[in-house]
>>> print(open('data.txt').read())   # compact mmCIF, C-alpha atoms
# COMPACT_ATOMS: atom_id res chain seq x y z
CA MET U 1 -78.17 103.69 -38.62
CA GLN U 2 -81.76 104.82 -39.15
CA LYS U 3 -84.57 102.94 -37.47
CA LEU U 4 -88.26 102.67 -38.17
CA LYS U 5 -89.06 105.29 -35.51
CA ASP U 6 -86.87 107.79 -37.39
CA LEU U 7 -88.73 107.25 -40.68
CA TYR U 8 -92.31 106.95 -39.47
CA GLN U 9 -94.35 110.16 -39.45
CA THR U 10 -97.17 110.62 -36.97
CA ASP U 11 -99.83 113.00 -38.25
CA GLN U 12 -102.42 113.99 -35.71
CA GLY U 13 -105.73 112.37 -36.50
CA VAL U 14 -109.45 112.62 -35.82
CA HIS U 15 -110.16 108.95 -35.03
CA CYS U 16 -107.67 106.55 -33.47
CA GLN U 17 -108.22 103.54 -35.75
CA PHE U 18 -108.74 105.34 -39.06
CA SER U 19 -105.92 107.83 -38.43
CA SER U 20 -103.44 105.19 -37.22
CA LEU U 21 -104.17 103.13 -40.33
CA ALA U 22 -103.81 106.24 -42.51
CA ASN U 23 -100.39 106.94 -40.97
CA VAL U 24 -99.26 103.35 -41.52
CA VAL U 25 -100.49 103.37 -45.13
CA ASN U 26 -98.76 106.70 -45.73
CA TYR U 27 -95.54 105.27 -44.28
CA TYR U 28 -95.59 102.44 -46.83
CA ASN U 29 -96.70 104.73 -49.64
CA PRO U 30 -96.24 108.52 -49.26
CA ASN U 31 -98.56 109.06 -52.25
CA ILE U 32 -101.53 107.79 -50.24
CA LYS U 33 -102.83 110.46 -47.88
CA SER U 34 -105.59 110.16 -45.30
CA SER U 35 -107.88 112.03 -47.74
CA ASN U 36 -107.38 109.20 -50.27
CA LEU U 37 -108.57 106.66 -47.70
CA PHE U 38 -111.45 108.90 -46.68
CA PHE U 39 -112.94 109.51 -50.12
CA ASN U 40 -111.98 106.19 -51.69
CA GLY U 41 -113.46 104.41 -48.68
CA GLY U 42 -116.89 106.02 -48.90
CA TYR U 43 -116.43 109.26 -46.87
CA PHE U 44 -119.37 110.13 -44.55
CA LYS U 45 -121.93 107.64 -45.83
CA THR U 46 -124.87 108.45 -43.56
CA HIS U 47 -127.91 106.51 -42.34
CA TYR U 48 -130.93 108.38 -41.00
CA ARG U 49 -134.13 107.09 -39.40
CA PHE U 50 -136.91 109.10 -37.82
CA GLU U 51 -140.12 107.15 -38.17
CA GLU U 52 -143.05 108.39 -36.08
CA GLY U 53 -140.63 110.12 -33.73
CA GLN U 54 -141.92 111.76 -30.57
CA GLY U 55 -138.86 113.90 -29.92
CA LEU U 56 -135.26 114.63 -30.82
CA SER U 57 -134.14 111.52 -28.92
CA ASP U 58 -135.91 109.42 -31.56
CA ILE U 59 -133.62 110.63 -34.33
CA ARG U 60 -131.20 107.92 -35.43
CA LEU U 61 -128.29 109.39 -37.37
CA THR U 62 -125.26 107.16 -37.93
CA ASN U 63 -122.39 106.99 -40.39
CA GLU U 64 -119.96 104.39 -41.69
CA PHE U 65 -116.76 106.17 -40.72
CA GLY U 66 -115.48 103.07 -38.94
CA LYS U 67 -115.80 101.06 -42.17
CA ILE U 68 -113.87 103.46 -44.40
CA TYR U 69 -110.53 101.68 -44.19
CA LYS U 70 -112.17 98.29 -44.85
CA LYS U 71 -113.80 99.63 -48.01
CA PHE U 72 -110.51 101.17 -49.12
CA PHE U 73 -108.65 97.88 -48.71
CA LEU U 74 -111.45 95.91 -50.38
CA LYS U 75 -111.57 98.24 -53.41
CA ASN U 76 -107.82 98.01 -53.84
CA GLN U 77 -107.63 94.25 -53.12
CA ILE U 78 -105.39 94.68 -50.08
CA LYS U 79 -105.59 92.04 -47.38
CA ASN U 80 -105.95 93.21 -43.79
CA GLN U 81 -106.14 90.69 -41.01
CA ILE U 82 -107.17 91.01 -37.38
CA ILE U 83 -104.99 88.72 -35.26
CA GLU U 84 -105.66 87.79 -31.64
CA TYR U 85 -102.14 87.14 -30.38
CA GLN U 86 -101.91 83.96 -28.31
CA GLU U 87 -98.27 83.87 -27.20
CA ASN U 88 -96.76 85.13 -23.95
CA GLU U 89 -95.14 88.52 -23.40
CA ASP U 90 -91.58 87.41 -24.18
CA GLU U 91 -92.68 85.88 -27.47
CA PHE U 92 -94.61 89.03 -28.27
CA ARG U 93 -91.55 91.22 -27.67
CA ASN U 94 -89.54 89.00 -30.01
CA TYR U 95 -92.28 89.25 -32.63
CA ILE U 96 -92.43 93.06 -32.36
CA LYS U 97 -88.66 93.37 -32.49
CA ASN U 98 -88.54 91.32 -35.69
CA GLU U 99 -91.28 93.48 -37.23
CA VAL U 100 -89.78 96.86 -36.38
CA ASP U 101 -86.25 95.71 -37.30
CA SER U 102 -87.79 94.83 -40.69
CA PHE U 103 -89.23 98.38 -40.86
CA ARG U 104 -92.83 97.26 -40.38
CA PRO U 105 -94.89 99.30 -37.87
CA VAL U 106 -97.31 97.23 -35.79
CA LEU U 107 -100.88 98.46 -35.24
CA VAL U 108 -102.44 97.18 -32.02
CA ALA U 109 -105.61 97.67 -29.95
CA VAL U 110 -105.38 98.59 -26.26
CA MET U 111 -107.74 99.64 -23.48
CA THR U 112 -107.27 103.27 -22.51
CA ASN U 113 -107.60 103.06 -18.71
CA TYR U 114 -104.18 101.35 -18.54
CA LEU U 115 -102.37 104.08 -20.49
CA ASN U 116 -100.45 106.50 -18.28
CA TYR U 117 -98.94 109.07 -20.66
CA SER U 118 -102.01 111.33 -20.71
CA SER U 119 -104.43 112.31 -17.96
CA SER U 120 -107.21 112.12 -20.58
CA TYR U 121 -107.01 108.32 -20.21
CA GLN U 122 -107.41 108.44 -16.42
CA THR U 123 -111.07 109.49 -16.25
CA GLY U 124 -112.57 106.33 -14.78
CA TYR U 125 -113.89 105.25 -18.18
CA THR U 126 -112.20 102.93 -20.64
CA ASN U 127 -112.42 102.52 -24.41
CA LYS U 128 -110.79 100.45 -27.11
CA HIS U 129 -108.00 102.49 -28.66
CA PHE U 130 -105.44 101.99 -31.44
CA ILE U 131 -101.74 102.82 -31.33
CA VAL U 132 -98.73 101.91 -33.47
CA ILE U 133 -95.54 100.28 -32.12
CA LEU U 134 -92.34 101.66 -33.66
CA ASP U 135 -89.56 100.16 -31.54
CA VAL U 136 -88.68 97.86 -28.66
CA THR U 137 -86.60 99.31 -25.82
CA LYS U 138 -85.01 97.77 -22.75
CA ASN U 139 -87.89 98.86 -20.55
CA GLY U 140 -90.79 98.95 -22.99
CA TYR U 141 -91.84 100.18 -26.43
CA ILE U 142 -91.75 103.34 -28.53
CA ILE U 143 -95.31 104.00 -29.64
CA SER U 144 -97.22 106.43 -31.84
CA ASP U 145 -100.63 107.57 -30.58
CA CYS U 146 -102.00 109.96 -33.20
CA PHE U 147 -105.26 110.76 -31.40
CA VAL U 148 -105.01 111.55 -27.69
CA PRO U 149 -108.47 112.83 -26.62
CA THR U 150 -107.34 116.02 -24.91
CA HIS U 151 -109.04 119.37 -25.63
CA PRO U 152 -107.97 120.14 -28.26
CA SER U 153 -106.83 116.66 -29.30
CA SER U 154 -103.10 115.94 -29.36
CA LEU U 155 -100.63 113.17 -30.18
CA PHE U 156 -97.99 111.22 -28.32
CA VAL U 157 -94.81 109.63 -29.65
CA GLY U 158 -92.57 108.17 -26.98
CA GLU U 159 -91.80 105.31 -24.65
CA ILE U 160 -94.35 103.30 -22.71
CA GLU U 161 -93.28 100.82 -20.03
CA LYS U 162 -93.64 97.18 -21.03
CA GLU U 163 -95.85 96.35 -18.01
CA VAL U 164 -98.17 99.26 -18.79
CA PHE U 165 -98.39 98.27 -22.44
CA TRP U 166 -98.92 94.58 -21.78
CA ASN U 167 -101.79 95.28 -19.36
CA ALA U 168 -103.46 97.61 -21.88
CA PHE U 169 -102.86 95.15 -24.74
CA SER U 170 -104.05 92.09 -22.81
CA ALA U 171 -107.23 93.86 -21.71
CA PHE U 172 -108.53 93.81 -25.29
CA LYS U 173 -107.87 90.32 -26.70
CA LYS U 174 -104.22 91.11 -27.64
CA THR U 175 -105.40 92.37 -31.01
CA ILE U 176 -103.07 93.20 -33.92
CA ILE U 177 -104.10 94.52 -37.36
CA SER U 178 -101.82 93.14 -40.06
CA LEU U 179 -101.64 94.84 -43.49
CA GLU U 180 -100.42 93.65 -46.88
CA SER U 181 -97.60 96.21 -47.05
CA GLU U 182 -96.22 95.25 -50.47
CA LYS U 183 -99.52 95.94 -52.22
CA ILE U 184 -99.91 99.25 -50.39
CA SER U 185 -96.47 100.36 -51.51
CA LYS U 186 -97.37 99.69 -55.16
CA LEU U 187 -100.59 101.72 -55.22
CA GLN U 188 -100.41 104.74 -57.51
CA ALA U 189 -102.79 107.35 -56.17
CA THR U 190 -102.02 109.98 -58.78
CA ASN U 191 -102.60 107.71 -61.78
CA ASN U 192 -105.27 105.37 -60.50
CA LYS U 193 -108.82 106.32 -61.52
CA LYS U 194 -110.16 104.61 -58.42
CA PHE U 195 -108.78 107.49 -56.39
CA HIS U 196 -110.60 110.17 -58.38
CA ILE U 197 -113.66 111.71 -56.74
CA GLU U 198 -116.81 111.88 -58.85
CA SER U 199 -119.30 114.64 -58.12
CA ASN U 200 -122.15 112.22 -57.41
CA ASN U 201 -120.14 110.74 -54.53
CA PHE U 202 -121.13 113.79 -52.51
CA GLU U 203 -124.87 113.25 -52.91
CA ASP U 204 -126.18 111.53 -49.80
CA GLU U 205 -129.96 111.14 -49.95
CA GLU U 206 -130.47 110.24 -46.29
CA LEU U 207 -128.38 113.18 -45.11
CA SER U 208 -130.46 115.51 -47.31
CA ILE U 209 -133.68 114.10 -45.82
CA PHE U 210 -132.30 114.69 -42.32
CA ALA U 211 -131.47 118.31 -43.18
CA ASN U 212 -135.01 118.88 -44.45
CA ASP U 213 -136.59 117.25 -41.40
CA LEU U 214 -134.41 119.31 -39.09
CA ARG U 215 -135.95 122.50 -40.44
CA ARG U 216 -139.42 121.22 -39.52
CA LEU U 217 -138.65 120.34 -35.90
CA PRO U 218 -140.02 123.58 -34.35
CA GLU U 219 -143.40 122.74 -35.90
CA LEU U 220 -143.36 119.18 -34.54
CA PHE U 221 -142.04 119.38 -30.99
CA SER U 222 -142.13 121.32 -27.75
CA GLU U 223 -140.44 124.64 -27.11
CA LYS U 224 -137.81 122.89 -24.97
CA GLU U 225 -136.76 120.57 -27.78
CA SER U 226 -136.99 123.39 -30.30
CA THR U 227 -134.28 125.17 -28.30
CA VAL U 228 -131.94 122.37 -29.32
CA TYR U 229 -132.95 122.93 -32.91
CA LYS U 230 -132.17 126.66 -32.61
CA GLY U 231 -128.70 125.81 -31.33
CA LEU U 232 -128.09 123.53 -34.31
CA HIS U 233 -129.44 126.18 -36.66
CA ARG U 234 -127.05 128.79 -35.25
CA VAL U 235 -124.02 126.61 -36.06
CA GLY U 236 -125.22 126.22 -39.61
CA ILE U 237 -126.98 122.85 -39.69
>>> encode(input="data.txt", output="structure tokens")
Amino acid sequence: MQKLKDLYQTDQGVHCQFSSLANVVNYYNPNIKSSNLFFNGGYFKTHYRFEEGQGLSDIRLTNEFGKIYKKFFLKNQIKNQIIEYQENEDEFRNYIKNEVDSFRPVLVAVMTNYLNYSSSYQTGYTNKHFIVILDVTKNGYIISDCFVPTHPSSLFVGEIEKEVFWNAFSAFKKTIISLESEKISKLQATNNKKFHIESNNFEDEELSIFANDLRRLPELFSEKESTVYKGLHRVGI
């Protein structure tokens, strides 16, 4: 008999939260690719600030990549809920088993320094990270980690011991992201105009201003800082 772990596809991603969500959405609806989430959710909306800057360190360039999935769900009226799980480990295992036996992958947040399946997580630093649980085993869980920060990046699908998982999960508020799977499964990407990309979506005024300012940096700053500019210029910025 097939199980969730046999049906779920892990595509390597570029960002743990966005890419894990994209994989879950694609599991529920194969018509919805990560590119649909990316463009429908606002792509690389960029914010730029450089007022009376004294050097390159004064440049403030940020984007809304972390908000893409929220915009996608909002546009398509799909509920997504962040749950801080309050029960004990045994209750959690029962909850996960019920979810995966019902063919519903579970997206959770963990802290990376507790994860032991990649040396990239054993650096002395720790970050919030997102993985997907696909099955419950006697000794732990089968998980999907679509963005392991190796060089180049990689993915991991396999078993993690329950003690290791519980420590990583407990270290960040026992957070679960719950999705409205029925609505996702009914989305029609090929026929829905909301998924079409209009040409003016690619015009980002602040990013254009940044590009213009970047060309002027050698005139504004020291030779040392201009060297940074030359490096950026060589890679095509």
>>> closest_residue(input="data.txt", among="U:Asn139, U:Gln2, U:Asn127, U:Gln12", to="Pro152 (chain U)", atoms="all atoms listed in the file")
U:Gln12
>>> closest_residue(input="data.txt", among="U:Asn167, U:Ser208, U:Thr137, U:Ser185", to="Lys97 (chain U)", atoms="all atoms listed in the file")
U:Thr137
>>> closest_residue(input="data.txt", among="U:Ile133, U:Val100, U:Leu4, U:Ile32", to="Ile176 (chain U)", atoms="all atoms listed in the file")
U:Ile133
>>> closest_residue(input="data.txt", among="U:Phe130, U:Phe18, U:Tyr141, U:Tyr121", to="Val108 (chain U)", atoms="only C-alpha atoms")
U:Phe130
>>> atom_distance(input="data.txt", atom1="CA of Thr126 (chain U)", atom2="CA of Ile160 (chain U)")
18.0 Å
>>> closest_residue(input="data.txt", among="U:Tyr95, U:Asp90, U:Leu37, U:Ser153", to="Lys71 (chain U)", atoms="only C-alpha atoms")
U:Leu37
>>> residues_around(input="data.txt", residues="Leu21 (chain U)", least_positions_apart="6", cutoff="9 Å", atoms="only C-alpha atoms", output="CSV table (one decimal) with C-alpha atoms, in the frame of the given file")
chain,number,residue,atom,x,y,z
U,34,SER,CA,-105.6,110.2,-45.3
U,69,TYR,CA,-110.5,101.7,-44.2
U,107,LEU,CA,-100.9,98.5,-35.2
U,132,VAL,CA,-98.7,101.9,-33.5
>>> residues_around(input="data.txt", residues="His151 (chain U)", least_positions_apart="5", cutoff="12 Å", atoms="all atoms listed in the file", output="PyMOL selection string")
chain U and resi 118-120
>>> atom_distance(input="data.txt", atom1="CA of Gly140 (chain U)", atom2="CA of Glu180 (chain U)")
26.3 Å
>>> atom_distance(input="data.txt", atom1="CA of Leu74 (chain U)", atom2="CA of Ile143 (chain U)")
27.5 Å
>>> closest_residue(input="data.txt", among="U:Ile82, U:Thr112, U:Arg104, U:Ala22", to="Ile68 (chain U)", atoms="only C-alpha atoms")
U:Ala22
